[in-house]
Each structure stands twice: as C-alpha cells, then as structure tokens.
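Undergrad: Next comes upload23.txt, compact mmCIF, C-alpha atoms and all ligand atoms:
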```txt
# COMPACT_ATOMS: atom_id res chain seq x y z
CA MET R 1 10.94 -29.93 50.85
CA HIS R 2 10.23 -30.48 47.10
CA ALA R 3 9.10 -33.82 45.68
CA PRO R 4 11.97 -35.75 44.00
CA ILE R 5 10.26 -35.37 40.60
CA LYS R 6 10.77 -31.59 40.87
CA TYR R 7 14.55 -32.13 41.13
CA VAL R 8 14.44 -34.42 38.07
CA GLU R 9 12.47 -31.81 36.11
CA LYS R 10 14.90 -29.08 37.15
CA GLY R 11 17.87 -31.24 36.09
CA LEU R 12 16.32 -32.02 32.72
CA SER R 13 15.60 -28.35 32.15
CA ILE R 14 19.24 -27.33 32.89
CA ALA R 15 20.51 -30.13 30.62
CA ALA R 16 18.18 -29.09 27.78
CA ASN R 17 19.25 -25.46 28.07
CA GLY R 18 22.92 -26.52 27.99
CA ALA R 19 22.33 -28.73 24.93
CA TRP R 20 20.60 -25.84 23.14
CA VAL R 21 23.52 -23.47 23.82
CA VAL R 22 26.00 -26.07 22.44
CA PHE R 23 23.80 -26.86 19.39
CA ASN R 24 23.26 -23.19 18.63
CA GLY R 25 26.97 -22.43 18.99
CA LEU R 26 27.91 -25.25 16.59
CA ASN R 27 25.27 -24.04 14.16
CA GLN R 28 26.76 -20.55 14.17
CA ILE R 29 30.25 -21.96 13.42
CA ARG R 30 29.26 -24.34 10.62
CA GLN R 31 26.74 -22.23 8.76
CA ARG R 32 25.38 -23.78 5.58
CA PRO R 33 25.43 -21.15 2.83
CA SER R 34 22.09 -19.57 2.09
CA PHE R 35 20.11 -20.59 -0.95
CA ILE R 36 20.31 -18.44 -4.12
CA PRO R 37 16.98 -18.70 -5.96
CA ALA R 38 16.69 -18.20 -9.72
CA TRP R 39 15.09 -14.78 -9.19
CA SER R 40 18.07 -13.37 -7.29
CA ASP R 41 21.80 -13.03 -7.87
CA LYS R 42 22.52 -12.97 -4.14
CA PRO R 43 21.70 -15.43 -1.36
CA LEU R 44 18.53 -15.10 0.70
CA LEU R 45 19.01 -13.70 4.18
CA LYS R 46 18.81 -15.98 7.20
CA SER R 47 16.40 -14.70 9.80
CA TYR R 48 19.20 -13.57 12.14
CA GLN R 49 20.73 -11.52 9.29
CA LYS R 50 17.59 -9.42 8.88
CA THR R 51 17.95 -6.01 10.47
CA LYS R 52 15.22 -3.75 11.77
CA PRO R 53 15.07 0.03 12.01
CA PRO R 54 14.50 1.37 15.53
CA LEU R 55 10.88 0.61 16.51
CA GLY R 56 8.77 1.46 19.56
CA TRP R 57 8.16 4.92 20.97
CA PRO R 58 9.08 7.58 21.70
CA ARG R 59 11.54 7.54 18.82
CA GLU R 60 12.97 9.86 16.20
CA THR R 61 12.39 9.18 12.51
CA ASP R 62 12.91 10.81 9.12
CA SER R 63 10.02 12.78 7.71
CA LEU R 64 9.09 15.63 5.39
CA CYS R 65 7.87 19.17 5.85
CA PRO R 66 4.69 19.26 3.73
CA THR R 67 5.10 22.95 2.94
CA CYS R 68 8.77 22.62 1.88
CA VAL R 69 7.72 19.77 -0.43
CA ARG R 70 4.99 21.85 -2.10
CA GLU R 71 7.33 24.80 -2.52
CA ALA R 72 10.10 22.66 -4.01
CA ARG R 73 7.68 21.09 -6.50
CA GLN R 74 6.46 24.53 -7.60
CA GLU R 75 10.04 25.76 -8.04
CA ILE R 76 10.80 22.77 -10.29
CA LEU R 77 7.60 23.25 -12.32
CA ASP R 78 8.37 26.98 -12.71
CA GLY R 79 11.90 26.18 -13.93
CA ARG R 80 13.53 27.92 -10.95
CA LYS R 81 15.14 24.65 -9.83
CA ASP R 82 16.32 21.61 -11.75
CA VAL R 83 14.63 18.28 -11.06
CA SER R 84 18.06 16.86 -10.15
CA VAL R 85 17.73 18.48 -6.69
CA LEU R 86 15.43 15.57 -5.84
CA LEU R 87 18.36 13.21 -6.42
CA ASN R 88 21.16 15.24 -4.94
CA GLU R 89 19.59 17.12 -2.04
CA LYS R 90 17.37 16.10 0.85
CA VAL R 91 14.53 18.33 -0.26
CA GLY R 92 12.05 19.02 2.54
CA GLU R 93 13.51 16.37 4.87
CA ILE R 94 13.19 17.03 8.59
CA LYS R 95 13.23 14.89 11.72
CA ALA R 96 10.02 13.86 13.44
CA THR R 97 9.19 12.24 16.76
CA ILE R 98 6.71 9.40 17.19
CA LEU R 99 5.18 9.47 20.65
CA GLU R 100 2.17 8.47 22.72
CA ARG R 101 -0.29 11.08 23.81
CA ASP R 102 -3.79 10.63 25.29
CA GLY R 103 -3.80 6.95 24.34
CA LYS R 104 -2.93 7.66 20.70
CA ILE R 105 0.26 7.41 18.65
CA VAL R 106 1.12 10.82 17.25
CA MET R 107 3.86 12.12 14.94
CA VAL R 108 5.15 15.62 15.75
CA LYS R 109 7.70 17.59 13.75
CA ASP R 110 9.03 21.11 13.44
CA CYS R 111 10.33 22.74 10.28
CA PRO R 112 12.73 25.64 10.94
CA VAL R 113 10.91 27.62 8.22
CA HIS R 114 7.28 26.51 8.37
CA GLY R 115 6.76 25.65 12.02
CA HIS R 116 5.01 22.85 13.83
CA PHE R 117 3.10 19.88 12.32
CA GLU R 118 1.47 16.90 13.96
CA ASP R 119 -0.86 14.10 13.01
CA VAL R 120 -2.39 10.94 14.46
CA MET R 121 -0.84 7.62 13.36
CA ALA R 122 -3.04 5.31 15.44
CA ILE R 123 -5.93 5.66 17.89
CA ASP R 124 -4.96 2.39 19.61
CA THR R 125 -1.42 1.95 20.99
CA ALA R 126 -1.81 -1.85 21.27
CA PHE R 127 -2.75 -2.04 17.60
CA PHE R 128 0.29 0.07 16.63
CA LYS R 129 2.57 -2.13 18.73
CA HIS R 130 1.10 -5.21 17.08
CA LEU R 131 1.96 -3.82 13.61
CA GLU R 132 5.54 -3.21 14.72
CA ASP R 133 5.82 -6.62 16.41
CA VAL R 134 4.93 -8.50 13.23
CA PHE R 135 7.53 -6.66 11.10
CA PRO R 136 9.83 -9.53 10.08
CA GLY R 137 12.94 -7.42 9.42
CA ARG R 138 14.46 -5.99 6.27
CA ASP R 139 14.50 -8.29 3.28
CA ILE R 140 17.29 -9.04 0.83
CA ARG R 141 19.15 -6.02 -0.54
CA ALA R 142 18.05 -4.85 -4.02
CA HIS R 143 20.67 -5.39 -6.73
CA ASN R 144 20.99 -4.93 -10.50
CA ASP R 145 18.64 -2.02 -10.00
CA GLU R 146 20.65 0.98 -11.20
CA THR R 147 18.14 1.86 -13.93
CA LEU R 148 15.19 1.57 -11.58
CA HIS R 149 16.03 2.64 -8.06
CA ASN R 150 17.67 6.00 -8.37
CA HIS R 151 15.60 8.37 -6.28
CA GLY R 152 18.07 10.03 -3.96
CA SER R 153 17.33 9.43 -0.31
CA SER R 154 13.95 7.89 -1.27
CA THR R 155 15.59 5.03 -3.16
CA ILE R 156 14.12 1.60 -2.36
CA LYS R 157 16.88 -0.55 -0.86
CA HIS R 158 15.31 -3.86 0.17
CA GLY R 159 12.73 -6.32 -1.14
CA ARG R 160 12.10 -9.12 -3.58
CA GLY R 161 9.81 -7.56 -6.14
CA SER R 162 6.82 -5.33 -5.89
CA VAL R 163 3.76 -3.93 -7.51
CA LEU R 164 5.03 -1.27 -9.87
CA THR R 165 2.55 1.59 -10.27
CA VAL R 166 2.63 3.33 -13.64
CA ASP R 167 0.55 6.50 -13.98
CA LEU R 168 -0.35 6.44 -17.66
CA THR R 169 -1.98 9.88 -17.64
CA ASN R 170 -3.14 12.57 -15.25
CA ARG R 171 -6.30 13.07 -17.30
CA CYS R 172 -9.53 11.61 -15.98
CA ASN R 173 -13.18 11.28 -16.98
CA MET R 174 -14.19 12.31 -13.45
CA MET R 175 -13.42 15.33 -11.27
CA CYS R 176 -13.60 13.92 -7.75
CA ASP R 177 -13.06 15.66 -4.49
CA PRO R 178 -10.98 14.11 -2.96
CA CYS R 179 -8.55 13.20 -5.73
CA PHE R 180 -5.05 12.07 -4.77
CA MET R 181 -3.72 13.32 -8.15
CA ASP R 182 -5.62 16.59 -8.59
CA ALA R 183 -6.58 15.08 -11.96
CA ASN R 184 -7.77 17.57 -14.59
CA GLN R 185 -7.14 20.59 -12.38
CA VAL R 186 -3.42 20.63 -11.83
CA GLY R 187 -2.89 22.92 -14.84
CA PHE R 188 -0.97 20.62 -17.18
CA VAL R 189 -1.39 17.24 -18.86
CA HIS R 190 1.20 14.62 -18.06
CA GLU R 191 0.76 11.55 -20.23
CA LEU R 192 3.30 8.86 -20.98
CA SER R 193 4.21 8.21 -24.63
CA TRP R 194 4.47 4.63 -25.85
CA ASP R 195 8.27 4.85 -25.63
CA ASP R 196 8.02 6.10 -22.02
CA ILE R 197 5.74 3.21 -21.09
CA LYS R 198 7.95 0.59 -22.71
CA THR R 199 11.09 1.98 -21.05
CA VAL R 200 9.48 1.95 -17.58
CA LEU R 201 8.15 -1.60 -17.99
CA ASP R 202 11.37 -2.99 -19.51
CA ASN R 203 13.62 -1.37 -16.89
CA ALA R 204 11.54 -2.48 -13.92
CA ILE R 205 11.29 -6.11 -14.99
CA SER R 206 15.10 -6.35 -15.09
CA ILE R 207 15.46 -5.76 -11.34
CA LYS R 208 16.76 -8.49 -9.05
CA PRO R 209 15.69 -9.90 -6.67
CA LYS R 210 12.37 -10.34 -8.46
CA ARG R 211 10.34 -13.09 -6.90
CA GLN R 212 7.12 -11.45 -7.90
CA MET R 213 6.73 -8.44 -10.14
CA SER R 214 3.26 -7.08 -10.83
CA VAL R 215 2.23 -3.84 -12.43
CA GLN R 216 -0.72 -1.59 -11.72
CA PHE R 217 -1.71 1.03 -14.29
CA SER R 218 -3.09 4.11 -12.63
CA GLY R 219 -3.57 7.78 -13.38
CA GLY R 220 -5.77 9.89 -13.52
CA GLU R 221 -7.88 7.28 -15.23
CA PRO R 222 -5.61 4.78 -17.02
CA THR R 223 -8.33 3.51 -19.38
CA ILE R 224 -8.37 6.84 -21.24
CA SER R 225 -4.70 6.56 -22.17
CA PRO R 226 -4.50 5.60 -25.87
CA TYR R 227 -1.91 2.98 -24.86
CA PHE R 228 -3.90 1.27 -22.09
CA LEU R 229 -4.45 -2.03 -23.92
CA ASP R 230 -0.96 -2.03 -25.49
CA ALA R 231 0.58 -1.44 -22.05
CA ILE R 232 -1.29 -4.45 -20.63
CA ARG R 233 -0.21 -6.64 -23.54
CA HIS R 234 3.43 -5.57 -23.29
CA SER R 235 3.48 -6.19 -19.52
CA ARG R 236 2.34 -9.78 -19.98
CA LYS R 237 4.82 -10.28 -22.82
CA VAL R 238 7.85 -9.19 -20.79
CA GLY R 239 6.89 -11.23 -17.72
CA TYR R 240 4.85 -9.28 -15.15
CA ASN R 241 2.96 -11.80 -13.00
CA SER R 242 -0.23 -9.88 -12.62
CA VAL R 243 -1.39 -6.84 -14.54
CA GLN R 244 -3.81 -4.55 -12.74
CA ALA R 245 -5.70 -1.33 -13.39
CA ALA R 246 -6.74 1.19 -10.74
CA THR R 247 -9.91 2.49 -12.33
CA ASN R 248 -13.11 4.40 -11.63
CA GLY R 249 -14.84 1.77 -13.80
CA ILE R 250 -16.66 4.14 -16.17
CA GLU R 251 -15.17 2.75 -19.41
CA PHE R 252 -15.81 -0.83 -18.26
CA ALA R 253 -19.41 0.04 -17.33
CA LYS R 254 -19.96 1.73 -20.69
CA SER R 255 -18.74 -1.19 -22.78
CA ALA R 256 -18.66 -4.93 -22.21
CA ASP R 257 -16.50 -5.12 -25.37
CA PHE R 258 -13.88 -2.89 -23.75
CA ALA R 259 -13.84 -5.12 -20.65
CA ARG R 260 -13.34 -8.16 -22.92
CA ALA R 261 -10.56 -6.42 -24.87
CA ALA R 262 -8.75 -5.64 -21.60
CA ALA R 263 -9.15 -9.24 -20.44
CA ASP R 264 -7.87 -10.54 -23.80
CA ALA R 265 -4.84 -8.23 -23.52
CA GLY R 266 -4.03 -9.80 -20.14
CA LEU R 267 -5.71 -7.65 -17.45
CA ARG R 268 -5.93 -9.75 -14.30
CA TYR R 269 -7.34 -7.37 -11.66
CA ALA R 270 -9.46 -4.25 -11.73
CA TYR R 271 -8.91 -2.17 -8.57
CA LEU R 272 -12.26 -0.48 -8.69
CA GLN R 273 -12.97 2.87 -7.00
CA PHE R 274 -15.80 2.04 -4.60
CA ASP R 275 -16.91 4.36 -1.82
CA GLY R 276 -19.70 2.34 -0.29
CA ILE R 277 -23.05 0.68 -0.91
CA GLY R 278 -25.82 2.68 -2.58
CA ASN R 279 -25.82 5.94 -4.53
CA ALA R 280 -25.68 8.18 -1.46
CA ALA R 281 -22.41 6.60 -0.28
CA ASN R 282 -20.85 7.23 -3.70
CA SER R 283 -21.99 10.83 -4.06
CA HIS R 284 -19.54 12.78 -1.87
CA ARG R 285 -17.11 13.09 -4.81
CA ARG R 286 -19.63 15.46 -6.35
CA VAL R 287 -19.54 13.75 -9.74
CA GLY R 288 -22.00 11.28 -11.18
CA ASN R 289 -20.35 7.85 -11.07
CA LEU R 290 -22.74 6.27 -8.66
CA PHE R 291 -23.44 2.81 -7.39
CA ASP R 292 -25.43 1.65 -10.42
CA VAL R 293 -22.39 2.43 -12.62
CA LYS R 294 -20.12 0.44 -10.29
CA LEU R 295 -22.47 -2.53 -10.44
CA ARG R 296 -22.46 -2.46 -14.25
CA ALA R 297 -18.64 -2.25 -14.29
CA ILE R 298 -18.48 -5.24 -11.91
CA GLU R 299 -20.87 -7.21 -14.15
CA ASN R 300 -18.93 -6.47 -17.36
CA LEU R 301 -15.51 -7.12 -15.82
CA HIS R 302 -16.65 -10.34 -14.15
CA SER R 303 -18.22 -11.62 -17.39
CA ALA R 304 -14.96 -10.90 -19.20
CA GLY R 305 -12.98 -12.88 -16.61
CA VAL R 306 -11.24 -9.96 -14.86
CA ASP R 307 -10.96 -10.26 -11.07
CA ILE R 308 -12.41 -7.32 -9.15
CA VAL R 309 -11.01 -5.63 -6.06
CA PRO R 310 -13.16 -2.79 -4.76
CA VAL R 311 -10.90 -0.02 -3.39
CA ILE R 312 -12.62 1.88 -0.63
CA THR R 313 -11.03 5.23 0.17
CA ILE R 314 -12.21 5.90 3.69
CA VAL R 315 -12.64 9.47 4.88
CA ASN R 316 -13.46 9.71 8.58
CA GLY R 317 -16.93 11.09 9.16
CA VAL R 318 -17.78 10.80 5.44
CA ASN R 319 -17.96 7.10 4.58
CA ASN R 320 -16.34 5.18 7.45
CA GLU R 321 -19.79 3.94 8.46
CA GLN R 322 -19.73 1.99 5.17
CA VAL R 323 -16.96 -0.42 6.26
CA GLY R 324 -19.35 -3.11 7.51
CA ARG R 325 -21.75 -2.81 4.57
CA VAL R 326 -18.91 -3.17 2.06
CA ILE R 327 -17.63 -6.30 3.82
CA GLU R 328 -21.14 -7.76 3.78
CA PHE R 329 -21.44 -6.91 0.06
CA ALA R 330 -18.18 -8.76 -0.63
CA LEU R 331 -19.23 -11.75 1.46
CA ASP R 332 -22.54 -11.85 -0.43
CA ASN R 333 -20.76 -11.81 -3.82
CA PRO R 334 -17.80 -14.16 -3.38
CA LYS R 335 -17.66 -15.08 -7.06
CA LYS R 336 -17.41 -11.47 -8.23
CA ILE R 337 -15.37 -9.83 -5.46
CA ASN R 338 -11.93 -11.32 -4.94
CA PHE R 339 -10.85 -9.21 -2.01
CA LEU R 340 -11.25 -5.71 -0.63
CA SER R 341 -8.68 -2.97 -0.42
CA PHE R 342 -9.49 -0.39 2.24
CA GLN R 343 -7.38 2.72 1.81
CA PRO R 344 -7.40 5.38 4.51
CA VAL R 345 -7.60 8.74 2.73
CA SER R 346 -4.32 10.43 1.91
CA PHE R 347 -4.51 14.22 1.84
CA THR R 348 -2.52 14.73 -1.32
CA GLY R 349 -3.39 16.16 -4.73
CA ARG R 350 -6.69 18.05 -4.56
CA ASP R 351 -6.57 17.94 -0.75
CA GLU R 352 -3.02 18.92 0.06
CA GLU R 353 -4.10 22.43 1.14
CA ILE R 354 -6.60 20.97 3.63
CA THR R 355 -7.05 22.93 6.86
CA ASP R 356 -5.66 21.48 10.10
CA GLU R 357 -9.19 21.21 11.51
CA ARG R 358 -10.50 19.22 8.54
CA ARG R 359 -7.43 17.00 8.44
CA GLN R 360 -7.79 16.16 12.12
CA ALA R 361 -11.50 15.41 11.70
CA GLN R 362 -11.13 13.33 8.52
CA ARG R 363 -7.88 11.46 9.29
CA TYR R 364 -8.50 7.71 9.19
CA THR R 365 -5.80 5.19 10.11
CA LEU R 366 -5.55 1.41 9.96
CA SER R 367 -6.37 1.38 13.67
CA HIS R 368 -9.64 3.21 12.92
CA LEU R 369 -10.37 0.54 10.30
CA ALA R 370 -9.66 -2.34 12.66
CA HIS R 371 -12.07 -0.86 15.21
CA ASP R 372 -14.75 -0.09 12.60
CA VAL R 373 -14.60 -3.68 11.30
CA LYS R 374 -15.16 -4.96 14.81
CA LYS R 375 -17.88 -2.40 15.62
CA GLN R 376 -19.82 -2.75 12.38
CA THR R 377 -19.52 -6.48 11.67
CA GLY R 378 -18.53 -8.05 14.97
CA LEU R 379 -15.71 -9.81 13.12
CA GLY R 380 -12.13 -10.04 14.39
CA GLU R 381 -10.29 -8.21 17.14
CA PRO R 382 -8.13 -5.15 16.40
CA THR R 383 -5.04 -6.77 17.90
CA ASP R 384 -5.88 -10.43 17.40
CA ARG R 385 -2.61 -12.28 16.83
CA THR R 386 -4.34 -15.50 15.89
CA ARG R 387 -6.07 -13.85 12.91
CA SER R 388 -9.14 -15.93 13.58
CA GLY R 389 -12.54 -14.23 13.40
CA ALA R 390 -12.65 -11.98 10.35
CA SER R 391 -9.79 -13.63 8.55
CA SER R 392 -11.07 -17.19 8.70
CA ARG R 393 -14.56 -16.25 7.61
CA ALA R 394 -13.20 -14.01 4.90
CA ALA R 395 -10.84 -16.70 3.65
CA ALA R 396 -13.77 -19.04 3.36
CA THR R 397 -15.35 -16.66 0.89
CA ARG R 398 -12.11 -15.57 -0.79
CA THR R 399 -12.70 -12.12 0.60
CA ALA R 400 -10.50 -10.17 2.95
CA ALA R 401 -9.87 -6.65 4.09
CA SER R 402 -6.39 -6.17 2.73
CA ALA R 403 -5.56 -3.56 5.33
CA TRP R 404 -6.37 -5.94 8.16
CA PRO R 405 -3.22 -6.49 10.23
S1 LIG Q 1 -9.87 10.25 -7.70
FE1 LIG Q 1 -9.50 8.93 -9.48
S2 LIG Q 1 -11.44 8.92 -10.60
FE2 LIG Q 1 -11.49 10.70 -9.25
S3 LIG Q 1 -10.71 12.44 -10.47
FE3 LIG Q 1 -8.97 11.54 -9.33
S4 LIG Q 1 -8.07 10.09 -10.75
FE4 LIG Q 1 -10.14 10.53 -11.50
```
Re-express the file's structure as structure tokens.
Ligand code: SF4
TA:
Amino acid sequence: MHAPIKYVEKGLSIAANGAWVVFNGLNQIRQRPSFIPAWSDKPLLKSYQKTKPPLGWPRETDSLCPTCVREARQEILDGRKDVSVLLNEKVGEIKATILERDGKIVMVKDCPVHGHFEDVMAIDTAFFKHLEDVFPGRDIRAHNDETLHNHGSSTIKHGRGSVLTVDLTNRCNMMCDPCFMDANQVGFVHELSWDDIKTVLDNAISIKPKRQMSVQFSGGEPTISPYFLDAIRHSRKVGYNSVQAATNGIEFAKSADFARAAADAGLRYAYLQFDGIGNAANSHRRVGNLFDVKLRAIENLHSAGVDIVPVITIVNGVNNEQVGRVIEFALDNPKKINFLSFQPVSFTGRDEEITDERRQAQRYTLSHLAHDVKKQTGLGEPTDRTRSGASSRAAATRTAASAWP
C-alpha cells in the first residue's frame, strides 16, 4: 500500500504531462513567425526546423578517393580536362562507411579503380559521440550567394557567415615539411592579382545570411604578396568584422614597422605558425624559423596591437608531447596570447603521397588532443559536458584550446 502523498504526486505528474501536450499542440498551431534579422533576407530557423544528417555508427557517408582526386587535378593542370568538371561532375566521389573497430572510430572506403582506404577518425568512441551529440542541426539556408557558392557538389548550403580564407600566393619564405600547400615546390606560382583579390572580397561580403564575416589571408606566406596591406585595408573598408593573417611570422619578426603597418591597415589577428616551445620543437620542418624568431614576431605584433593566436600543427609522435607546454606558455602570457588553435596535421600538399605506415603513425585527431590535454596538464575531461576544468581556467586567462570540444 502506497502513502497517499504518492497518489497525489502521481496525479500531479499525469496532469502536468497532459497540460504540456495541450500547450505544445496549441503552440504548433499558432506559430509566431520567425524573426528576420538585418543580416538575412529569410527568417531564422526554429530549433524544430533544423535538420540533421544521419549521425551515429555504423553509417554510410560521402567521401573522396584520394588517388582519383590527385589524378583529376593533374589532368586539369595538364590541360587534358577542363576545370568545369569540378562543377558538373562528382570527381573522385565515393561512398565510405564510418564504423567502430577495436574501440576506435574508423572510416573505410573502396574505390573501384584504386582499391581500399581506411583511416582513424577518433581513438575514443565516447568523445566522438559527444561531438555528434552537441551538433545543433543545420543552420539557415544560404541565399543571395550565386556569385560565391558555386562549387558543384561541394557547395556550402547552410550557415550565417564564416571565415573566408583567401590564399594570396603559393610562394613562401620557408620550405617546411610538412606543408599543406606544397609551397615553392609545386612547380608553378599561383598569386592573386589586385583585381582577383578585390573580386573575391567584394563577392563574399555580399552573401546573406551574414551575421559575421571575417577573412583570413593565407598562402603560402601571405605577407610576401605585394597586395597584403592593401587587401587588409580593403577588407576593413567593405565590412569584414575581423581581418586575420595565417603567417609563419618571419616578416613580423624582421620588422616592427611592418607589424605596425599591418595593424594600421586593420589586421586584427595573426594566426602564427607555432610548433612548440623551444628551438628543438620548432626544428622538424627542417628550415630555420625557430622559437627565438616566433618570440620576436609575438613581441612586434603585440606592441603594434595585433592579437596573436599560435597555431600548433600537431603531428603524432613528432610534437604531440608539446600540447601541455604550449598551453602553459599561453597561460603564462595572457596579455600576448589571445587563444590557441590546435590543428591536427592534414596530409595534403607536400605530404599527400605519404605512405600508409607513416600516415597511420602520424595521424592525430581531436580525440588524441583531448586526451593529451588531460594527460599533460591535468585539465578537463575528454568528454566533459560541463566544460569545467580546462575551459573555466582558460577563460579566466582569455586562453583556450580552440579544438577543445
Ligand atoms: S607550411 Fe606555411 S610556412 Fe611552411 S612552407 Fe608551407 S606555407 Fe610556408
């Protein structure tokens, strides 16, 4: 026999559930129209209108055959195919399966021509699930974007602005290995003219929705483009919120005047190549842009008023032991370091012909990063939903690992 209070509680619970069903039903019938902000021509989506692609695993997804992609690019460069195939055909596209194996999340795919490929997406299934769980759903559909988003099946369809990356040149004053662009060795120079730069910037700023539109100049090394400063100035003039440069820092280290000129033109952030603390950690690129140069670049940029974001390209087994030291460096220099951007290495450019063995050994995913942060600093938990630990301490010093979930 239950106590009378239990029956009261049960009754209240049934009544509350009934009231919720009625309230929700009425809400669905008499929907208030969604708000249309100034930066969009269409209404914002309500949360129930946001769709999600299939998530979880095992599941099938769209992917690319890396060898088909390389071959297609060579055919275009050799003039054997027109570049329009990238718009009109699904060049290199194949299906892939995402599955769990030995406690890891793996992508496997088979190309009818080039055979079997597979790679690790996460070393921690709980971490991977957490990333999928926090995906809020697709955002508002892009519109007024005909001059910008026309990339065949790779066209961006959703979002409310972005960071536009403009590669000003494929030249560089370094010759790193790895280099995501194969700068200086690819066999040709690709450098945007002033008219090219203006067209890209003017087209992209016209897109709607455009809640926030930032631009990052990259390369090669963007500072050696003759139009670097003009491009920054023009970006500010036409309305980009924040103007950034992805740089190896050499020009800024060489000249405090150059850092000031960039700041005066409107440069807000320098995304500074930064492989670790000390000269040894910055030497695996086999070129001499070592830690002392980075420190001078940081000094000159900071004095000029440019915010600095060290970008740490992590290669497993090469500099992943630097994760903790870099976080400590940022926490020790909160005035100079705004936040950190950890970037797991991408085997493109100079490294696209990497052997399977090396790729497997050097692959580094966000899940590796989450575990290395915990192991090397004791901060955070790889699947911590409360984002306490690392995040709260980092926020206190205006420093955060941007790849942290
Ligand atoms: S990785 Fe960056 S700095 Fe190094 S060669 Fe490539 S573009 Fe230049």
Undergrad: So that I can see what lies close to region 293-295 of chain R, please list as a ChimeraX atom specification the residues with an atom at most 10 Å from it, counting all atoms listed in the file and leaving out residues fewer than 3 positions away in the same chain.
TA: /R:248-254,272-275,277-279,282,288-290,298-301,310
Undergrad: Suppose we keep C-alpha atoms; can you now write the selection as a PDB file, in the frame of the given file?
TA:
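Below is the file part.pdb, written as the result:
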```
ATOM      1  CA  ASN R 248     -13.110   4.400 -11.630  1.00  0.00           C
ATOM      2  CA  GLY R 249     -14.840   1.770 -13.800  1.00  0.00           C
ATOM      3  CA  ILE R 250     -16.660   4.140 -16.170  1.00  0.00           C
ATOM      4  CA  GLU R 251     -15.170   2.750 -19.410  1.00  0.00           C
ATOM      5  CA  PHE R 252     -15.810  -0.830 -18.260  1.00  0.00           C
ATOM      6  CA  ALA R 253     -19.410   0.040 -17.330  1.00  0.00           C
ATOM      7  CA  LYS R 254     -19.960   1.730 -20.690  1.00  0.00           C
ATOM      8  CA  LEU R 272     -12.260  -0.480  -8.690  1.00  0.00           C
ATOM      9  CA  GLN R 273     -12.970   2.870  -7.000  1.00  0.00           C
ATOM     10  CA  PHE R 274     -15.800   2.040  -4.600  1.00  0.00           C
ATOM     11  CA  ASP R 275     -16.910   4.360  -1.820  1.00  0.00           C
ATOM     12  CA  ILE R 277     -23.050   0.680  -0.910  1.00  0.00           C
ATOM     13  CA  GLY R 278     -25.820   2.680  -2.580  1.00  0.00           C
ATOM     14  CA  ASN R 279     -25.820   5.940  -4.530  1.00  0.00           C
ATOM     15  CA  ASN R 282     -20.850   7.230  -3.700  1.00  0.00           C
ATOM     16  CA  GLY R 288     -22.000  11.280 -11.180  1.00  0.00           C
ATOM     17  CA  ASN R 289     -20.350   7.850 -11.070  1.00  0.00           C
ATOM     18  CA  LEU R 290     -22.740   6.270  -8.660  1.00  0.00           C
ATOM     19  CA  ILE R 298     -18.480  -5.240 -11.910  1.00  0.00           C
ATOM     20  CA  GLU R 299     -20.870  -7.210 -14.150  1.00  0.00           C
ATOM     21  CA  ASN R 300     -18.930  -6.470 -17.360  1.00  0.00           C
ATOM     22  CA  LEU R 301     -15.510  -7.120 -15.820  1.00  0.00           C
ATOM     23  CA  PRO R 310     -13.160  -2.790  -4.760  1.00  0.00           C
TER      24      PRO R 310
END
```
Undergrad: Residues within 7 Å of ligand LIG 1 (chain Q) (only C-alpha atoms and all ligand atoms), as a PyMOL selection string?
TA: chain R and resi 172-176+178-183+219-221+247-248
Undergrad: Using all atoms listed in the file, can you tell me which of R:Ile98, R:Ile76, R:Val85, R:Ala370 comes closest to Trp57 (chain R)?
TA: R:Ile98
Undergrad: For region 339-356 of chain R, work out the shell of residues within 10 Å, counting all atoms listed in the file and skipping chain neighbours fewer than 3 positions away, then give it as a ChimeraX atom specification.
TA: /R:66-67,70,117-119,175-183,185-186,271-275,307-316,320,323,326-327,330-331,334,336,359-366,368-369,394-395,397-404
Undergrad: Find the distance between CA of Glu146 (chain R) and CA of Ser63 (chain R) and write it in Å to one decimal.
TA: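 These two atoms are separated by 24.7 Å.
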Undergrad: One decimal, Å: what's the distance from CA of Lys335 (chain R) over to CA of Asn241 (chain R), could you say?
TA: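 Straight-line distance from CA of Lys335 (chain R) to CA of Asn241 (chain R) works out to 21.7 Å.
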Undergrad: Nearest residue to Val108 (chain R) out of R:Arg73, R:Gly79, R:Lys90, R:Cys65, using only C-alpha atoms?
TA: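 Once distances to Val108 (chain R) are computed over only C-alpha atoms, the minimum belongs to R:Cys65.
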Undergrad: For the structure just given, write the atoms of region 251-262 of chain R, namely N, CA and C atoms, as a CSV table (one decimal), in the first residue's frame.
TA:
```
chain,number,residue,atom,x,y,z
R,251,GLU,N,58.2,37.9,-41.5
R,251,GLU,CA,58.2,39.3,-41.8
R,251,GLU,C,57.9,40.2,-40.6
R,252,PHE,N,57.1,39.7,-39.7
R,252,PHE,CA,56.7,40.5,-38.5
R,252,PHE,C,57.9,40.5,-37.5
R,253,ALA,N,58.7,39.4,-37.5
R,253,ALA,CA,59.9,39.3,-36.6
R,253,ALA,C,60.9,40.2,-37.2
R,254,LYS,N,61.1,40.3,-38.5
R,254,LYS,CA,62.1,41.1,-39.1
R,254,LYS,C,61.9,42.6,-38.9
R,255,SER,N,60.6,43.0,-38.8
R,255,SER,CA,60.4,44.4,-38.8
R,255,SER,C,59.2,44.8,-38.0
R,256,ALA,N,59.5,45.6,-36.9
R,256,ALA,CA,58.4,46.1,-36.1
R,256,ALA,C,57.6,47.1,-36.9
R,257,ASP,N,58.2,47.8,-37.9
R,257,ASP,CA,57.5,48.8,-38.7
R,257,ASP,C,56.4,48.0,-39.5
R,258,PHE,N,56.8,46.9,-40.1
R,258,PHE,CA,55.8,46.1,-40.9
R,258,PHE,C,54.6,45.7,-40.0
R,259,ALA,N,54.9,45.2,-38.8
R,259,ALA,CA,53.8,44.8,-37.9
R,259,ALA,C,52.9,46.0,-37.6
R,260,ARG,N,53.5,47.2,-37.4
R,260,ARG,CA,52.7,48.4,-37.2
R,260,ARG,C,51.9,48.8,-38.5
R,261,ALA,N,52.5,48.6,-39.6
R,261,ALA,CA,51.8,49.0,-40.9
R,261,ALA,C,50.6,48.0,-41.1
R,262,ALA,N,50.7,46.7,-40.7
R,262,ALA,CA,49.6,45.8,-40.8
R,262,ALA,C,48.5,46.1,-39.8
```
